[in-house]
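Participant: First, the structure itself, so that you have it in front of you.
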Protein chains: 2
Amino acid sequence: MKVTLSALDTHESSFTPLVVIELAQDVKEETKEWLKSRIITKKKDGDDNDDFLTMAEQQFIIKHELENLRARDEKMIPGYPQAKLYPGKSLLRRLLTSGIVIQVFPLHDNEALKKLEDTWYTRFTIKYQPIDSIRGYFGETIALYFGFLEYFTFALIPMAVIGLPYYLFVWEDYDKYVIFASFNLIWSTVILEVWKRGCASMTYRWGTLVMKRQFEEPRPGYHGVLGINSVTGREEPLYPSYKRQLRIYLVSLPFVCLCLYFSLFVMMIYFDMENWALGLHENSGSEWTSILLYVPSIIYAIVIEIMNRLYRYAAEFLTSWENHRLESAYQNHLILKVLVFNFLNCFASLFYIAFVLRDMKLLRQSLATLLITSQILNQIVESLLPYWLQKKHHVQVKKKVQALKADIDATLYEQVVLEKEMGTYLGTFDDYLELFLQFGYVSLFSCVYPLAAAFAVLNNLTEVNSDALKMCRVFKRPFSEPSANIGVWQLAFETMSVISVVTNCALIGMSPQVNALFPDSKADLILIVVAVEHALLALKFILAFAIPDKPRHIQMKLARLEFESLEALKQQQMKLVAENLKEEWREGGKEKTP
Amino acid sequence: MKVTLSALDTHESSFTPLVVIELAQDVKEETKEWLKSRIITKKKDGDDNDDFLTMAEQQFIIKHELENLRARDEKMIPGYPQAKLYPGKSLLRRLLTSGIVIQVFPLHDNEALKKLEDTWYTRFTIKYQPIDSIRGYFGETIALYFGFLEYFTFALIPMAVIGLPYYLFVWEDYDKYVIFASFNLIWSTVILEVWKRGCASMTYRWGTLVMKRQFEEPRPGYHGVLGINSVTGREEPLYPSYKRQLRIYLVSLPFVCLCLYFSLFVMMIYFDMENWALGLHENSGSEWTSILLYVPSIIYAIVIEIMNRLYRYAAEFLTSWENHRLESAYQNHLILKVLVFNFLNCFASLFYIAFVLRDMKLLRQSLATLLITSQILNQIVESLLPYWLQKKHHVQVKKKVQALKADIDATLYEQVVLEKEMGTYLGTFDDYLELFLQFGYVSLFSCVYPLAAAFAVLNNLTEVNSDALKMCRVFKRPFSEPSANIGVWQLAFETMSVISVVTNCALIGMSPQVNALFPDSKADLILIVVAVEHALLALKFILAFAIPDKPRHIQMKLARLEFESLEALKQQQMKLVAENLKEEWREGGKEKTP
């Protein structure tokens, strides 16, 4: 194993490595020299006031600069005639696709990481997370996720507390369930609105609330026939929109429908298994078979998790194949595909039990099994298993490095070798998705299983720690990414809370206690339930409209900012006019002198 | 009657009068001189490139400048020691409140007006309106109203055409009504979304689509204790927010509720009258009493109109008394108050007939009478009556002016005297409100009375002309006002179309034909209706989400604009850096020379 640590900045006294570019083993010397020279030229153009920036921000800037290294007059990558280039083409992308550069990743700052871990998760006490430090180390997007996770957990506590006595005292009165469901519905609207305000306060503090949207360049994977972009006037690949539409409607849409159908098919198998287990239990009646009753649900929960993960890959492949020009369009199409499938996959069986079988006992049992199994699975697959593998690998690397006795800085070398083998964190998508499905389990059938919120709170208290462990020790450090809010997830959570109004009203209307109140006329009962449902939905929309998205003090500060920038603009224009006048006067003076 | 036309610009050769400031008859000479000097100073500071601007834009700028004439070191208005001033206080507002200035209004441009009228409404042929010319003459806000009126009328035509055979062939099959209602619901969603796109195209052409929001100054009527505004750091009146909240919740809200209650009380009187007329008709059975059946509805329609107009004044007074700091907050509170009352006042009786009395024949009759009466009333009260009064007055003024034989320009003098007596156009609020209520009549009960759309189309074809007449001949020319869209009315129309989904589904579910299909189980029927309603609502939201708000070519142009402005910013910064370097080099050179 040949080791080269070509530190570009070795001539400088204090050298902190920030970002690693891993090259393939057999890259030609010529190519290395060219790449080095291009990076250095770029660097000289830039500013040098890095002292004001956090390490994460410096790494973000380096990433941005590397991605914007573009071909000028090069026709191909030096040393690799088959790797063609054209003016404006991103060099890094070409280097990555032709396998010359294997990966680019930012390095951990071990000292800062240790400090962060100490205040974050290593001591198992219940406390607020150090969101600002997380933001300093990982950037705004990840800090917002942890902020949301914490907020959401706190917001669930009242629901969990109110839900507990229903379990403890086996309350079955319909009026109590109605109260619980109504509380839940209002509460879920309020917490989502209040989150927006909290989020605005946080991102205002971080300076990303009024983020000026950058002009969006085409996403790296975008390909097509070279042509002139009518917006920028630059040469770039063009891909006709109708072709993309054809791919979406003729391939992606049928595929998604097929997957949905398959998911329903698996669900029917689960119900067959359930019936079989029930038959077995009734025939034998032994204790052993009563445990067997839970087995189909547990198997089904595991199958759901596997299907979700497989579908996720398929959705990513399809959305990438649809060849969207902008990263935002890609993300929107991916999220839509994944959300629809996951929603159906996770909740179809519960809907079927609730509204077709109308078996509330089975619903409660199935809901509990699904929720708890998926939570346990997630924590194991996401964090603990990779952490354990990681640790084993760590020991091996340490031994190897010690055996090497290299003359270069062994700690740095060890760190780079270790971190380059770590998995890549693929963004907050899966983490939010997990919370989204949890929110569904808690709110959709809350009036049947008030205990769900308590389980969710318990899960999230450990989830904070396992996610933190994942970020700090399992994955490569991700590049930080600024963001102003949780984006499309706000809409997803709000949609879920609208659907839960409908399901809860229907469940309450179906309960035998409520039905007993209207022995003669079922029609009257349904009308009343529908009226209440409409009133609740109207109330939700009015609440969402009436609660301002930004707290008053943030509004005031934004207004002050706007006012000051307008004033500054005015003064700048005044100065310009004054200077022009001075210039004119001077010119006039010169003309007179000779 | 003393006549003075003090034209500030008499020393210039070509003088086009733009804006008139009407002073009270007994204003002191000293005050006039001071006001004149202040206006002239302001004018000298400004640019003089008025050639690029339309007359409406010039008038808008003059209005803006006049409103921004602020007190500097004056402690009071010269000649009026009781009219106190403090630094930053708007002079015009003070002059208006102390009765020194009676009004400020822009003058009509008779030549341009004649041209506009010729292409707009004087020839009674069906054609597109000259929206761009309207915009040039009256500004964007009014042009958008006429654009929306025209678009809405065209959009109603398919509904009117499909609705006609129901009347002609007396179709009563439930399935046909279902088809009509479903078409209506989808259609109303689509037209509202498509309007957004059309509106974006239009305002892009006018350059107001991406209007940079100006920093909002306090509205003229705002008062309070003098203090320092924490946003601007300027001295201005402050009014504590809790006091405003108290006024809203302790006075305005109870008052609105009282008005709503009174409106329902009047409705019950109407039903008593209706019963009385029905009784009379059944007793006598003559033809004379069959006409009498329509009288209660007509009287009720007139009473509704009167109540709406009275309530409008009360709402304006109350909202003004709530003392909102910003014009936008004032407008939102006013619109909310007026919309809630008008909705209940106009539609409560129809809801009562439809869902409590369940008398579809009466509903159809009542709907037709309310719709037609209110439309006829509106056209008379709004345009024709004022136009007739206006014309009479015009003749009198002409005679007077001719008798005067003044030495000054008689035409201009006549024009000013005529226009200052004209009514003031109070904005597009009432015009949109009328369309909003019409949309309610057409869509809320469309499956019961398919003919409503046809009446609406007929009304709007004449409404275009009577509104045009109103703008050109009845009211003073309004100051033009830029705007990017129809604002809160988009939301109001969308809300109405959501409510109409609910009412139409309920009406179809109640129809005897549908009920005959489910002779045994009313509960099943209701469940199916509710399911269909939910599906339609979901479809509406998905449609609203899926149809982009801006057409693709506008999106492209906006992207191009953004790209270019970012590129320009980059270049500007580069230039700045280069200049700094040059400066440094020069400084260095100087140091070396001596």
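In the structure tokens, each chain is lettered A, B, ... as it comes, each chain's residues begin at 1, and ligands are numbered from 1 in order of appearance.
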May I ask you to extract the residues of chain B within 9 Å of chain A, using only C-alpha atoms, and to give them as a list of chain:residue names?

Facilitator: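 Going by the stated atoms only, the list reads B:Gln214, B:Phe215, B:Ser230, B:Val231, B:Thr232, B:Ser521, B:Lys522, B:Ala523, B:Asp524, B:Leu525, B:Ile526, B:Leu527, B:Val530, B:Met556, B:Lys557, B:Leu558, B:Ala559, B:Arg560, B:Leu561, B:Glu562, B:Phe563, B:Glu564, B:Leu566.
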
Participant: Quick check for you: according to DSSP on this backbone, which residues of range 89-297 of chain A are classed as helix (DSSP H, G or I)? Reply as a PyMOL selection string.

Facilitator: chain A and resi 91-97+110-120+131-138+140-168+174-206+241-284+287-292+295-297

Participant: Could you pull out the strand (DSSP E) residues of range 38-219 of chain A from DSSP and send them as a ChimeraX atom specification?

Facilitator: /A:76-77,80-84,101-106

Participant: Restricted to C-alpha atoms, what would the selected residues look like written as a CSV table (one decimal), in the first residue's frame?

Facilitator:
chain,number,residue,atom,x,y,z
A,76,MET,CA,-9.7,16.4,-22.1
A,77,ILE,CA,-8.3,15.5,-18.7
A,80,TYR,CA,-6.7,10.5,-19.9
A,81,PRO,CA,-7.6,11.3,-23.5
A,82,GLN,CA,-10.8,9.4,-23.3
A,83,ALA,CA,-12.1,11.7,-20.6
A,84,LYS,CA,-13.4,14.5,-22.8
A,101,VAL,CA,-11.2,10.9,-8.1
A,102,ILE,CA,-12.9,8.3,-5.8
A,103,GLN,CA,-14.4,10.7,-3.4
A,104,VAL,CA,-14.2,14.1,-1.8
A,105,PHE,CA,-15.0,14.5,1.9
A,106,PRO,CA,-14.4,16.9,4.7

Participant: Counting only C-alpha atoms, what is within 12 Å of Tyr137 in chain B, bar same-chain residues fewer than 4 positions away, as a short mmCIF file (atom, residue, chain, number, x, y, z; two decimals) with N, CA, C and O atoms, in the first residue's frame?

Facilitator:
data_model
loop_
_atom_site.label_atom_id
_atom_site.label_comp_id
_atom_site.auth_asym_id
_atom_site.auth_seq_id
_atom_site.Cartn_x
_atom_site.Cartn_y
_atom_site.Cartn_z
N LEU B 53 -42.46 58.21 -18.97
CA LEU B 53 -43.55 57.71 -18.13
C LEU B 53 -44.90 58.02 -18.74
O LEU B 53 -45.07 59.04 -19.41
N THR B 54 -45.88 57.14 -18.48
CA THR B 54 -47.24 57.44 -18.89
C THR B 54 -47.77 58.51 -17.95
O THR B 54 -47.21 58.77 -16.88
N MET B 55 -48.88 59.14 -18.34
CA MET B 55 -49.47 60.18 -17.51
C MET B 55 -49.85 59.62 -16.14
O MET B 55 -49.64 60.27 -15.11
N ALA B 56 -50.40 58.39 -16.13
CA ALA B 56 -50.80 57.77 -14.87
C ALA B 56 -49.60 57.59 -13.95
O ALA B 56 -49.68 57.83 -12.74
N GLU B 57 -48.45 57.21 -14.54
CA GLU B 57 -47.26 57.02 -13.72
C GLU B 57 -46.75 58.35 -13.17
O GLU B 57 -46.33 58.45 -12.02
N GLN B 58 -46.81 59.40 -14.01
CA GLN B 58 -46.40 60.73 -13.54
C GLN B 58 -47.25 61.16 -12.37
O GLN B 58 -46.76 61.69 -11.37
N GLN B 59 -48.57 60.91 -12.49
CA GLN B 59 -49.48 61.30 -11.41
C GLN B 59 -49.20 60.50 -10.15
O GLN B 59 -49.25 61.03 -9.04
N PHE B 60 -48.88 59.21 -10.33
CA PHE B 60 -48.56 58.36 -9.17
C PHE B 60 -47.33 58.90 -8.44
O PHE B 60 -47.30 58.97 -7.21
N PRO B 106 -55.93 63.56 -9.43
CA PRO B 106 -55.32 63.69 -10.75
C PRO B 106 -56.38 64.08 -11.78
O PRO B 106 -57.55 63.73 -11.63
N LEU B 107 -55.95 64.81 -12.79
CA LEU B 107 -56.89 65.24 -13.82
C LEU B 107 -57.01 64.19 -14.91
O LEU B 107 -56.09 63.43 -15.17
N HIS B 108 -58.20 64.15 -15.53
CA HIS B 108 -58.36 63.31 -16.71
C HIS B 108 -57.60 63.93 -17.88
O HIS B 108 -57.38 65.13 -17.93
N ASP B 109 -57.17 63.06 -18.81
CA ASP B 109 -56.57 63.53 -20.05
C ASP B 109 -57.63 63.31 -21.12
O ASP B 109 -57.80 62.20 -21.62
N ASN B 110 -58.36 64.38 -21.46
CA ASN B 110 -59.58 64.18 -22.26
C ASN B 110 -59.34 63.47 -23.58
O ASN B 110 -60.14 62.65 -24.01
N GLU B 111 -58.20 63.80 -24.20
CA GLU B 111 -57.90 63.20 -25.49
C GLU B 111 -57.70 61.69 -25.35
O GLU B 111 -58.32 60.88 -26.04
N ALA B 112 -56.83 61.33 -24.37
CA ALA B 112 -56.54 59.91 -24.15
C ALA B 112 -57.79 59.17 -23.69
O ALA B 112 -58.03 58.02 -24.08
N LEU B 113 -58.58 59.84 -22.86
CA LEU B 113 -59.80 59.22 -22.35
C LEU B 113 -60.76 58.88 -23.49
O LEU B 113 -61.32 57.79 -23.56
N LYS B 114 -60.89 59.84 -24.43
CA LYS B 114 -61.77 59.65 -25.59
C LYS B 114 -61.31 58.40 -26.37
O LYS B 114 -62.12 57.52 -26.72
N LYS B 115 -59.98 58.36 -26.61
CA LYS B 115 -59.41 57.22 -27.35
C LYS B 115 -59.70 55.91 -26.64
O LYS B 115 -60.09 54.91 -27.24
N LEU B 116 -59.48 55.92 -25.31
CA LEU B 116 -59.69 54.71 -24.51
C LEU B 116 -61.14 54.26 -24.58
O LEU B 116 -61.44 53.09 -24.82
N GLU B 117 -62.04 55.21 -24.42
CA GLU B 117 -63.47 54.89 -24.45
C GLU B 117 -63.88 54.25 -25.77
O GLU B 117 -64.67 53.32 -25.82
N PRO B 130 -59.41 46.53 -24.06
CA PRO B 130 -58.01 46.97 -24.28
C PRO B 130 -57.28 47.08 -22.94
O PRO B 130 -56.99 48.18 -22.48
N ILE B 131 -56.97 45.89 -22.33
CA ILE B 131 -56.43 45.88 -20.96
C ILE B 131 -55.16 46.72 -20.84
O ILE B 131 -54.99 47.46 -19.87
N ASP B 132 -54.29 46.65 -21.87
CA ASP B 132 -53.04 47.40 -21.77
C ASP B 132 -53.28 48.90 -21.79
O ASP B 132 -52.59 49.65 -21.08
N SER B 133 -54.27 49.34 -22.59
CA SER B 133 -54.59 50.77 -22.58
C SER B 133 -55.21 51.17 -21.26
O SER B 133 -54.93 52.26 -20.73
N THR B 141 -53.76 48.16 -10.84
CA THR B 141 -54.79 47.59 -9.97
C THR B 141 -56.14 47.55 -10.67
O THR B 141 -56.83 46.52 -10.65
N ILE B 142 -56.49 48.66 -11.31
CA ILE B 142 -57.79 48.72 -11.98
C ILE B 142 -57.80 47.87 -13.23
O ILE B 142 -58.78 47.17 -13.53
N ALA B 143 -56.68 47.87 -13.97
CA ALA B 143 -56.60 47.02 -15.16
C ALA B 143 -56.74 45.55 -14.78
O ALA B 143 -57.39 44.77 -15.49
N MET B 471 -65.85 54.27 -14.40
CA MET B 471 -64.46 54.69 -14.26
C MET B 471 -64.18 55.94 -15.07
O MET B 471 -63.44 56.83 -14.63
N CYS B 472 -64.76 56.01 -16.30
CA CYS B 472 -64.39 57.09 -17.22
C CYS B 472 -65.20 58.35 -16.99
O CYS B 472 -64.69 59.45 -17.17
N ARG B 477 -60.85 60.75 -11.76
CA ARG B 477 -59.80 59.81 -12.11
C ARG B 477 -59.07 59.37 -10.84
O ARG B 477 -58.68 60.22 -10.04
N PRO B 478 -58.93 58.07 -10.60
CA PRO B 478 -58.20 57.63 -9.41
C PRO B 478 -56.70 57.65 -9.67
O PRO B 478 -56.27 57.53 -10.81
N PHE B 479 -55.93 57.83 -8.60
CA PHE B 479 -54.47 57.68 -8.74
C PHE B 479 -54.16 56.23 -9.11
O PHE B 479 -54.77 55.31 -8.57
N SER B 480 -53.25 56.02 -10.03
CA SER B 480 -52.91 54.65 -10.41
C SER B 480 -52.12 54.00 -9.28
O SER B 480 -51.48 54.67 -8.48
N GLU B 481 -52.20 52.69 -9.20
CA GLU B 481 -51.58 51.95 -8.10
C GLU B 481 -51.01 50.67 -8.69
O GLU B 481 -51.73 49.89 -9.28
#

Participant: One decimal, Å: what's the distance from CA of Met202 in chain B over to CA of Phe154 in chain B, could you say?

Facilitator: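 CA of Phe154 in chain B lies at a distance of 16.7 Å from CA of Met202 in chain B.
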
Participant: Please indicate the distance in Å from CA of Asn485 in chain B to CA of Leu209 in chain B, rounded to one decimal place.

Facilitator: 7.7 Å

Participant: To one decimal in Å, tell me the separation between CA of Glu382 in chain A and CA of Val295 in chain A.

Facilitator: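 These atoms are spaced 23.3 Å apart.
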
Participant: Please list as a ChimeraX atom specification every residue within 6 Å of Arg325 in chain B, counting only C-alpha atoms and excluding residues in the same chain fewer than 5 positions away.

Facilitator: /B:218-219,222

Participant: Can you write out the residues you just picked, keeping C-alpha atoms, as a PDB file, in the first residue's frame?

Facilitator:
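Contents of part-v3.pdb, freshly written:
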ATOM      1  CA  PRO B 218     -47.740  54.040   8.795  1.00  0.00           C
ATOM      2  CA  ARG B 219     -51.116  54.639   7.173  1.00  0.00           C
ATOM      3  CA  TYR B 222     -52.793  56.156  12.289  1.00  0.00           C
TER       4      TYR B 222
END

Participant: Excluding same-chain residues fewer than 6 positions from Ile298 in chain B, what lies within 7 Å of it counting only C-alpha atoms, as JSON, numbers by chain?

Facilitator: {"B": [369, 370, 373]}

Participant: With all heavy atoms retained, export the selected residues as a PDB file, in the first residue's frame.

Facilitator:
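Contents of out_33.pdb, freshly written:
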ATOM      1  N   THR B 369     -84.337  34.915  -7.734  1.00  0.00           N
ATOM      2  CA  THR B 369     -84.755  36.276  -7.399  1.00  0.00           C
ATOM      3  C   THR B 369     -83.603  37.067  -6.789  1.00  0.00           C
ATOM      4  O   THR B 369     -83.355  38.216  -7.171  1.00  0.00           O
ATOM      5  CB  THR B 369     -85.931  36.241  -6.399  1.00  0.00           C
ATOM      6  OG1 THR B 369     -86.798  35.167  -6.736  1.00  0.00           O
ATOM      7  CG2 THR B 369     -86.675  37.542  -6.411  1.00  0.00           C
ATOM      8  N   LEU B 370     -82.899  36.440  -5.826  1.00  0.00           N
ATOM      9  CA  LEU B 370     -81.787  37.142  -5.175  1.00  0.00           C
ATOM     10  C   LEU B 370     -80.724  37.540  -6.193  1.00  0.00           C
ATOM     11  O   LEU B 370     -80.264  38.689  -6.220  1.00  0.00           O
ATOM     12  CB  LEU B 370     -81.142  36.246  -4.112  1.00  0.00           C
ATOM     13  CG  LEU B 370     -81.837  36.140  -2.764  1.00  0.00           C
ATOM     14  CD1 LEU B 370     -81.035  35.240  -1.832  1.00  0.00           C
ATOM     15  CD2 LEU B 370     -81.990  37.520  -2.148  1.00  0.00           C
ATOM     16  N   THR B 373     -82.182  40.211  -8.844  1.00  0.00           N
ATOM     17  CA  THR B 373     -82.452  41.507  -8.218  1.00  0.00           C
ATOM     18  C   THR B 373     -81.160  42.209  -7.833  1.00  0.00           C
ATOM     19  O   THR B 373     -80.992  43.406  -8.091  1.00  0.00           O
ATOM     20  CB  THR B 373     -83.329  41.324  -6.962  1.00  0.00           C
ATOM     21  OG1 THR B 373     -84.406  40.458  -7.267  1.00  0.00           O
ATOM     22  CG2 THR B 373     -83.861  42.649  -6.485  1.00  0.00           C
TER      23      THR B 373
END

Participant: With distances taken over only C-alpha atoms, which residue among B:Phe265, B:Leu278, B:Gly487, B:Tyr387 lies nearest Ile291 in chain B?

Facilitator: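 Checking each of B:Phe265, B:Leu278, B:Gly487, B:Tyr387 against Ile291 in chain B, counting only C-alpha atoms, the winner is B:Leu278.
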